[in-house]
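Asker: Handing over upload.cif, mmCIF, C-alpha atoms.
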data_final
#
loop_
_atom_site.group_PDB
_atom_site.id
_atom_site.type_symbol
_atom_site.label_atom_id
_atom_site.label_comp_id
_atom_site.auth_asym_id
_atom_site.auth_seq_id
_atom_site.Cartn_x
_atom_site.Cartn_y
_atom_site.Cartn_z
ATOM 1 C CA GLY A 28 8.562 -12.993 -10.759
ATOM 2 C CA GLU A 29 8.440 -11.718 -7.220
ATOM 3 C CA ASP A 30 4.714 -11.632 -6.632
ATOM 4 C CA VAL A 31 2.291 -11.376 -3.782
ATOM 5 C CA GLU A 32 -1.017 -12.985 -4.680
ATOM 6 C CA GLN A 33 -4.461 -12.912 -3.127
ATOM 7 C CA SER A 34 -7.953 -13.864 -4.130
ATOM 8 C CA LEU A 35 -9.963 -10.845 -5.191
ATOM 9 C CA PHE A 36 -13.180 -11.263 -3.262
ATOM 10 C CA LEU A 37 -14.580 -12.806 -0.067
ATOM 11 C CA SER A 38 -18.121 -12.650 1.263
ATOM 12 C CA VAL A 39 -19.061 -13.640 4.828
ATOM 13 C CA ARG A 40 -22.017 -13.252 7.143
ATOM 14 C CA GLY A 41 -21.781 -10.940 10.123
ATOM 15 C CA GLY A 42 -20.622 -12.798 13.212
ATOM 16 C CA ASP A 43 -18.750 -15.472 11.247
ATOM 17 C CA SER A 44 -14.971 -15.658 10.954
ATOM 18 C CA SER A 45 -13.258 -14.410 7.815
ATOM 19 C CA VAL A 46 -10.023 -15.869 6.518
ATOM 20 C CA ILE A 47 -8.082 -13.961 3.880
ATOM 21 C CA ASN A 48 -5.187 -15.788 2.260
ATOM 22 C CA CYS A 49 -2.011 -14.605 0.597
ATOM 23 C CA THR A 50 0.957 -16.284 -1.052
ATOM 24 C CA TYR A 51 4.312 -14.693 -1.680
ATOM 25 C CA THR A 52 7.344 -15.828 -3.607
ATOM 26 C CA ASP A 53 10.369 -14.073 -2.125
ATOM 27 C CA SER A 54 12.051 -16.130 0.573
ATOM 28 C CA SER A 55 13.997 -13.062 1.729
ATOM 29 C CA SER A 56 10.836 -11.393 3.050
ATOM 30 C CA THR A 57 11.539 -10.070 6.544
ATOM 31 C CA TYR A 58 8.185 -8.597 7.513
ATOM 32 C CA LEU A 59 4.735 -9.408 6.195
ATOM 33 C CA TYR A 60 1.904 -6.959 6.582
ATOM 34 C CA TRP A 61 -1.821 -6.651 6.329
ATOM 35 C CA TYR A 62 -3.117 -3.261 5.298
ATOM 36 C CA LYS A 63 -6.798 -2.267 5.287
ATOM 37 C CA GLN A 64 -8.351 0.127 2.793
ATOM 38 C CA GLU A 65 -11.793 1.460 3.628
ATOM 39 C CA PRO A 66 -13.949 2.880 0.805
ATOM 40 C CA GLY A 67 -12.600 6.146 -0.561
ATOM 41 C CA ALA A 68 -9.555 6.131 1.709
ATOM 42 C CA GLY A 69 -5.886 5.279 1.653
ATOM 43 C CA LEU A 70 -4.350 2.144 3.112
ATOM 44 C CA GLN A 71 -3.749 1.801 6.821
ATOM 45 C CA LEU A 72 -1.525 -0.762 8.522
ATOM 46 C CA LEU A 73 -3.709 -3.307 10.305
ATOM 47 C CA THR A 74 -1.146 -5.759 11.607
ATOM 48 C CA TYR A 75 2.180 -7.336 10.726
ATOM 49 C CA ILE A 76 4.293 -10.390 11.510
ATOM 50 C CA PHE A 77 8.024 -10.868 11.546
ATOM 51 C CA SER A 78 9.282 -13.673 9.356
ATOM 52 C CA ASN A 79 10.606 -15.739 12.276
ATOM 53 C CA MET A 80 7.135 -15.958 13.836
ATOM 54 C CA ASP A 81 4.396 -18.475 13.071
ATOM 55 C CA MET A 82 1.447 -16.681 14.574
ATOM 56 C CA LYS A 83 0.421 -13.331 15.943
ATOM 57 C CA GLN A 84 -2.823 -12.512 17.698
ATOM 58 C CA ASP A 85 -4.230 -9.044 18.215
ATOM 59 C CA GLN A 86 -7.772 -8.917 19.605
ATOM 60 C CA ARG A 87 -10.046 -10.219 16.816
ATOM 61 C CA LEU A 88 -7.160 -10.613 14.376
ATOM 62 C CA THR A 89 -4.976 -13.712 14.002
ATOM 63 C CA VAL A 90 -2.123 -13.816 11.517
ATOM 64 C CA LEU A 91 -0.662 -17.177 10.538
ATOM 65 C CA LEU A 92 2.595 -17.525 8.625
ATOM 66 C CA ASN A 93 3.788 -20.703 6.940
ATOM 67 C CA LYS A 94 7.290 -19.901 5.700
ATOM 68 C CA LYS A 95 7.805 -23.275 4.099
ATOM 69 C CA ASP A 96 4.793 -22.777 1.817
ATOM 70 C CA LYS A 97 5.191 -18.955 1.703
ATOM 71 C CA HIS A 98 1.593 -18.599 2.822
ATOM 72 C CA LEU A 99 0.130 -15.870 5.007
ATOM 73 C CA SER A 100 -3.409 -15.637 6.308
ATOM 74 C CA LEU A 101 -5.482 -13.133 8.235
ATOM 75 C CA ARG A 102 -8.364 -14.384 10.334
ATOM 76 C CA ILE A 103 -10.949 -11.922 11.580
ATOM 77 C CA ALA A 104 -13.122 -13.329 14.341
ATOM 78 C CA ASP A 105 -16.744 -12.205 14.768
ATOM 79 C CA THR A 106 -16.671 -10.271 11.497
ATOM 80 C CA GLN A 107 -18.652 -7.038 11.620
ATOM 81 C CA THR A 108 -20.020 -4.736 8.917
ATOM 82 C CA GLY A 109 -17.275 -2.238 9.782
ATOM 83 C CA ASP A 110 -14.746 -4.827 8.619
ATOM 84 C CA SER A 111 -15.977 -4.465 5.028
ATOM 85 C CA ALA A 112 -12.927 -3.169 3.160
ATOM 86 C CA ILE A 113 -10.126 -4.222 0.855
ATOM 87 C CA TYR A 114 -7.308 -6.056 2.611
ATOM 88 C CA PHE A 115 -3.824 -5.974 1.147
ATOM 89 C CA CYS A 116 -1.099 -8.409 1.940
ATOM 90 C CA ALA A 117 2.422 -6.998 1.571
ATOM 91 C CA ASP A 118 5.941 -8.142 2.183
ATOM 92 C CA LYS A 119 9.136 -6.278 2.912
ATOM 93 C CA ARG A 120 12.209 -7.618 1.227
ATOM 94 C CA THR A 121 15.814 -6.916 1.992
ATOM 95 C CA GLY A 122 16.895 -3.830 0.131
ATOM 96 C CA GLY A 123 18.246 -0.360 0.594
ATOM 97 C CA TYR A 124 14.987 1.511 0.424
ATOM 98 C CA GLN A 125 12.606 -0.747 2.315
ATOM 99 C CA LYS A 126 11.096 -2.351 -0.764
ATOM 100 C CA VAL A 127 7.539 -3.352 0.018
ATOM 101 C CA THR A 128 5.480 -5.295 -2.498
ATOM 102 C CA PHE A 129 1.711 -5.226 -2.225
ATOM 103 C CA GLY A 130 -0.710 -7.912 -3.326
ATOM 104 C CA THR A 131 -3.757 -7.327 -5.472
ATOM 105 C CA GLY A 132 -6.056 -6.874 -2.481
ATOM 106 C CA THR A 133 -9.032 -8.941 -1.287
ATOM 107 C CA LYS A 134 -12.376 -7.191 -1.069
ATOM 108 C CA LEU A 135 -14.232 -8.402 2.023
ATOM 109 C CA GLN A 136 -17.985 -8.027 1.946
ATOM 110 C CA VAL A 137 -19.820 -8.592 5.227
ATOM 111 C CA ILE A 138 -23.478 -9.506 4.875
ATOM 112 C CA PRO A 139 -25.542 -8.335 7.870
ATOM 113 C CA ASN B 29 -0.918 16.169 12.700
ATOM 114 C CA ALA B 30 -2.475 16.048 9.250
ATOM 115 C CA GLY B 31 -0.405 12.998 8.283
ATOM 116 C CA VAL B 32 -0.160 12.588 4.509
ATOM 117 C CA THR B 33 -2.268 14.898 2.360
ATOM 118 C CA GLN B 34 -2.797 14.847 -1.399
ATOM 119 C CA THR B 35 -3.961 17.547 -3.781
ATOM 120 C CA PRO B 36 -6.226 17.416 -5.737
ATOM 121 C CA LYS B 37 -8.717 14.700 -4.745
ATOM 122 C CA PHE B 38 -10.224 14.368 -8.227
ATOM 123 C CA ARG B 39 -9.143 15.488 -11.681
ATOM 124 C CA VAL B 40 -10.267 14.935 -15.260
ATOM 125 C CA LEU B 41 -7.719 15.521 -18.016
ATOM 126 C CA LYS B 42 -7.861 15.351 -21.767
ATOM 127 C CA THR B 43 -5.290 13.243 -23.579
ATOM 128 C CA GLY B 44 -2.056 15.204 -23.969
ATOM 129 C CA GLN B 45 -2.665 17.598 -21.088
ATOM 130 C CA SER B 46 -0.234 17.856 -18.211
ATOM 131 C CA MET B 47 -0.717 18.081 -14.471
ATOM 132 C CA THR B 48 1.093 17.791 -11.162
ATOM 133 C CA LEU B 49 -0.103 15.893 -8.117
ATOM 134 C CA LEU B 50 1.116 17.204 -4.792
ATOM 135 C CA CYS B 51 1.834 15.092 -1.726
ATOM 136 C CA ALA B 52 2.726 16.590 1.643
ATOM 137 C CA GLN B 53 3.600 14.918 4.946
ATOM 138 C CA ASP B 54 4.152 16.461 8.353
ATOM 139 C CA MET B 55 5.755 13.474 10.094
ATOM 140 C CA ASN B 56 9.361 14.270 9.119
ATOM 141 C CA HIS B 57 9.582 11.015 7.173
ATOM 142 C CA GLU B 58 12.640 10.455 5.029
ATOM 143 C CA TYR B 59 11.047 8.119 2.498
ATOM 144 C CA MET B 60 8.161 8.957 0.188
ATOM 145 C CA TYR B 61 6.412 6.935 -2.499
ATOM 146 C CA TRP B 62 3.931 7.284 -5.331
ATOM 147 C CA TYR B 63 1.698 4.315 -6.184
ATOM 148 C CA ARG B 64 -1.107 3.754 -8.615
ATOM 149 C CA GLN B 65 -4.039 1.474 -7.850
ATOM 150 C CA ASP B 66 -5.914 -0.264 -10.636
ATOM 151 C CA PRO B 67 -8.681 -2.883 -10.343
ATOM 152 C CA GLY B 68 -7.283 -6.386 -9.987
ATOM 153 C CA MET B 69 -3.695 -5.154 -10.012
ATOM 154 C CA GLY B 70 -3.228 -3.915 -6.492
ATOM 155 C CA LEU B 71 -0.741 -1.164 -5.797
ATOM 156 C CA ARG B 72 2.166 -0.585 -8.139
ATOM 157 C CA LEU B 73 5.090 1.641 -7.257
ATOM 158 C CA ILE B 74 5.703 4.466 -9.727
ATOM 159 C CA HIS B 75 8.603 6.399 -8.159
ATOM 160 C CA TYR B 76 10.048 6.791 -4.708
ATOM 161 C CA SER B 77 12.420 9.061 -2.814
ATOM 162 C CA VAL B 78 14.807 8.244 0.017
ATOM 163 C CA GLY B 79 15.473 11.857 0.888
ATOM 164 C CA GLU B 80 15.289 15.464 -0.159
ATOM 165 C CA GLY B 81 16.702 15.974 -3.649
ATOM 166 C CA THR B 82 16.806 12.253 -4.527
ATOM 167 C CA THR B 83 14.313 10.196 -6.526
ATOM 168 C CA ALA B 84 14.307 6.756 -8.112
ATOM 169 C CA LYS B 85 12.166 4.693 -10.468
ATOM 170 C CA GLY B 86 9.767 2.095 -9.213
ATOM 171 C CA GLU B 87 7.915 -0.649 -11.036
ATOM 172 C CA VAL B 88 5.909 1.476 -13.533
ATOM 173 C CA PRO B 89 7.727 4.827 -14.033
ATOM 174 C CA ASP B 90 7.064 5.451 -17.738
ATOM 175 C CA GLY B 91 5.052 8.594 -18.441
ATOM 176 C CA TYR B 92 5.668 10.087 -14.984
ATOM 177 C CA ASN B 93 8.247 12.362 -13.428
ATOM 178 C CA VAL B 94 8.784 13.293 -9.782
ATOM 179 C CA SER B 95 10.579 15.859 -7.713
ATOM 180 C CA ARG B 96 11.412 16.189 -4.025
ATOM 181 C CA LEU B 97 12.728 19.678 -3.503
ATOM 182 C CA LYS B 98 11.613 19.794 0.131
ATOM 183 C CA LYS B 99 11.616 16.914 2.598
ATOM 184 C CA GLN B 100 7.909 17.224 3.283
ATOM 185 C CA ASN B 101 6.734 17.379 -0.345
ATOM 186 C CA PHE B 102 6.778 14.852 -3.182
ATOM 187 C CA LEU B 103 5.391 15.894 -6.558
ATOM 188 C CA LEU B 104 4.214 13.554 -9.313
ATOM 189 C CA GLY B 105 4.003 14.988 -12.822
ATOM 190 C CA LEU B 106 2.280 13.766 -15.949
ATOM 191 C CA GLU B 107 3.734 15.629 -18.918
ATOM 192 C CA SER B 108 1.353 14.284 -21.579
ATOM 193 C CA ALA B 109 -1.548 12.363 -20.078
ATOM 194 C CA ALA B 110 -2.793 9.169 -21.727
ATOM 195 C CA PRO B 111 -6.010 7.182 -21.068
ATOM 196 C CA SER B 112 -3.825 4.361 -19.674
ATOM 197 C CA GLN B 113 -2.951 6.697 -16.802
ATOM 198 C CA THR B 114 -6.541 6.739 -15.588
ATOM 199 C CA SER B 115 -6.139 5.422 -12.067
ATOM 200 C CA VAL B 116 -6.213 6.229 -8.372
ATOM 201 C CA TYR B 117 -2.878 7.606 -7.205
ATOM 202 C CA PHE B 118 -1.662 7.202 -3.657
ATOM 203 C CA CYS B 119 1.231 8.867 -1.946
ATOM 204 C CA ALA B 120 2.849 7.276 1.091
ATOM 205 C CA SER B 121 5.694 8.047 3.454
ATOM 206 C CA SER B 122 7.760 6.182 6.021
ATOM 207 C CA TYR B 123 10.706 6.552 8.325
ATOM 208 C CA ARG B 124 14.101 5.471 7.056
ATOM 209 C CA GLY B 125 14.541 3.192 10.031
ATOM 210 C CA THR B 126 12.591 2.293 13.136
ATOM 211 C CA ALA B 127 13.632 0.562 16.338
ATOM 212 C CA ASP B 128 11.283 -2.340 15.697
ATOM 213 C CA GLY B 129 12.090 -2.554 11.991
ATOM 214 C CA VAL B 130 8.430 -2.532 10.971
ATOM 215 C CA TYR B 131 8.720 0.364 8.484
ATOM 216 C CA GLU B 132 5.039 1.185 8.383
ATOM 217 C CA GLN B 133 3.976 3.197 5.370
ATOM 218 C CA TYR B 134 1.461 5.993 5.939
ATOM 219 C CA PHE B 135 -0.870 6.666 3.039
ATOM 220 C CA GLY B 136 -2.687 9.719 1.787
ATOM 221 C CA PRO B 137 -6.385 9.591 0.810
ATOM 222 C CA GLY B 138 -5.667 9.274 -2.908
ATOM 223 C CA THR B 139 -6.259 11.239 -6.100
ATOM 224 C CA ARG B 140 -8.732 9.863 -8.617
ATOM 225 C CA LEU B 141 -7.533 10.798 -12.119
ATOM 226 C CA THR B 142 -9.500 10.248 -15.308
ATOM 227 C CA VAL B 143 -7.904 10.842 -18.702
ATOM 228 C CA THR B 144 -10.361 11.068 -21.592
#
With the file now loaded, output its structure as structure tokens.
Answerer:
Amino acid sequence: GEDVEQSLFLSVRGGDSSVINCTYTDSSSTYLYWYKQEPGAGLQLLTYIFSNMDMKQDQRLTVLLNKKDKHLSLRIADTQTGDSAIYFCADKRTGGYQKVTFGTGTKLQVIP
Amino acid sequence: NAGVTQTPKFRVLKTGQSMTLLCAQDMNHEYMYWYRQDPGMGLRLIHYSVGEGTTAKGEVPDGYNVSRLKKQNFLLGLESAAPSQTSVYFCASSYRGTADGVYEQYFGPGTRLTVT
């Protein structure tokens, strides 16, 4: 099937780097996204990368895309307690209504 | 700008009861979506709408109906609630097209529904 998969849980110490991984199956994906969900809230777009890019950096966030292996990662440098949340990988496929498929979400726990 | 709002925030239903969840957005977005979020399963699309008066089925539409009579509102109905519909429901909206092609979806805060 056309899935987006992530590990369910990641625990890191404050100040360390976090790396959240995602694999997707649809080679027609045009954009890949990372959404963040804080406790009790809806999802919010954190960052995104276009499919013809390999890397995108935005302050503490680095997104790496390996199209050959259909692998996406999000690195958070100097992880802080405020980064504790669920992170969803998502991809946009070609289609008339902007079909976006979300992964299962990775819960990031930051230990002070 | 309130963004995307959802009503109610919490609800408990008995099996067989019906209810309607209301989603409203003030960003003039053409597209609106209803998702459900379940542990370990991520977000699954229930129904979506590409404009006023039009709706379509998503990945898990059974047991739900929707209506989009006004551009800013998207209603999700459960005609006969079942325990399997216990979930957190999120509404989202997006523009039909953007100059950068990013198509960000804007989410509401969610409705936590329990069916006993």
Asker: Could you work out which residues of chain A fall inside 12 Å of chain B? Count only C-alpha atoms, and format the result as a VMD selection string.
Answerer: chain A and resid 29 to 36 57 to 78 113 to 134
Asker: Could you list, as a list in words, every residue within 8 Å of Ser38 (chain A), counting all atoms listed in the file and ignoring same-chain residues fewer than 4 positions away?
Answerer: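 That gives Leu135, Gln136, Val137 and Ile138 of chain A.
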Asker: Could you check which of B:Thr35, B:Trp62, B:Thr142, B:Gly79 is closest to Asn93 (chain B), using only C-alpha atoms?
Answerer: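 Smallest distance to Asn93 (chain B) is found for B:Trp62.
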Asker: Could you tell me which of A:Pro139, A:His98, A:Gly41, A:Met82 comes closest to Asp53 (chain A) if we count only C-alpha atoms?
Answerer: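 Checking each of A:Pro139, A:His98, A:Gly41, A:Met82 against Asp53 (chain A), counting only C-alpha atoms, the winner is A:His98.
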Asker: In terms of the shortest atom-to-atom distance over all atoms listed in the file, which of B:Met47, B:Asp128, B:Asp90, B:Tyr61 is closest to Phe102 (chain B)?
Answerer: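 Nearest to Phe102 (chain B): B:Tyr61.
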Asker: Figure out the distance between CA of Glu87 (chain B) and CA of Leu50 (chain B), please, to one decimal in Å.
Answerer: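 So the answer is 20.1 Å.
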Asker: Record the distance separating CA of Gln45 (chain B) and CA of Gln113 (chain B), expressed in Å with one decimal.
Answerer: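 Result for CA of Gln45 (chain B) versus CA of Gln113 (chain B): 11.7 Å, one decimal.
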Asker: Find the residue from A:Ser100, A:Ala112, A:Asp105, A:Leu88 that sits nearest to Val46 (chain A); use all atoms listed in the file when measuring.
Answerer: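 Comparing A:Ser100, A:Ala112, A:Asp105, A:Leu88 against Val46 (chain A), the winner is A:Ser100.
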Asker: Would you write out, as a PyMOL selection string, every residue that the PyMOL selection byres ((chain A and resi 99) around 8) captures in this file?
Answerer: chain A and resi 48-51+90-93+97-98+100-101
Asker: May I have the selected residues written with C-alpha atoms, as a short mmCIF file (atom, residue, chain, number, x, y, z; two decimals), in the frame of the given file?
Answerer:
data_model
loop_
_atom_site.label_atom_id
_atom_site.label_comp_id
_atom_site.auth_asym_id
_atom_site.auth_seq_id
_atom_site.Cartn_x
_atom_site.Cartn_y
_atom_site.Cartn_z
CA ASN A 48 -5.19 -15.79 2.26
CA CYS A 49 -2.01 -14.60 0.60
CA THR A 50 0.96 -16.28 -1.05
CA TYR A 51 4.31 -14.69 -1.68
CA VAL A 90 -2.12 -13.82 11.52
CA LEU A 91 -0.66 -17.18 10.54
CA LEU A 92 2.60 -17.52 8.62
CA ASN A 93 3.79 -20.70 6.94
CA LYS A 97 5.19 -18.95 1.70
CA HIS A 98 1.59 -18.60 2.82
CA SER A 100 -3.41 -15.64 6.31
CA LEU A 101 -5.48 -13.13 8.24
#
Asker: In terms of the shortest atom-to-atom distance over all atoms listed in the file, which of B:Thr33, B:Leu49, B:Lys99, B:Leu104 is closest to Lys85 (chain B)?
Answerer: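 Comparing B:Thr33, B:Leu49, B:Lys99, B:Leu104 against Lys85 (chain B), the winner is B:Leu104.
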Asker: Please measure the separation of CA of Ser115 (chain B) and CA of Glu58 (chain B), giving the value in Å to one decimal.
Answerer: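 Calculated distance between CA of Ser115 (chain B) and CA of Glu58 (chain B) is 25.9 Å.
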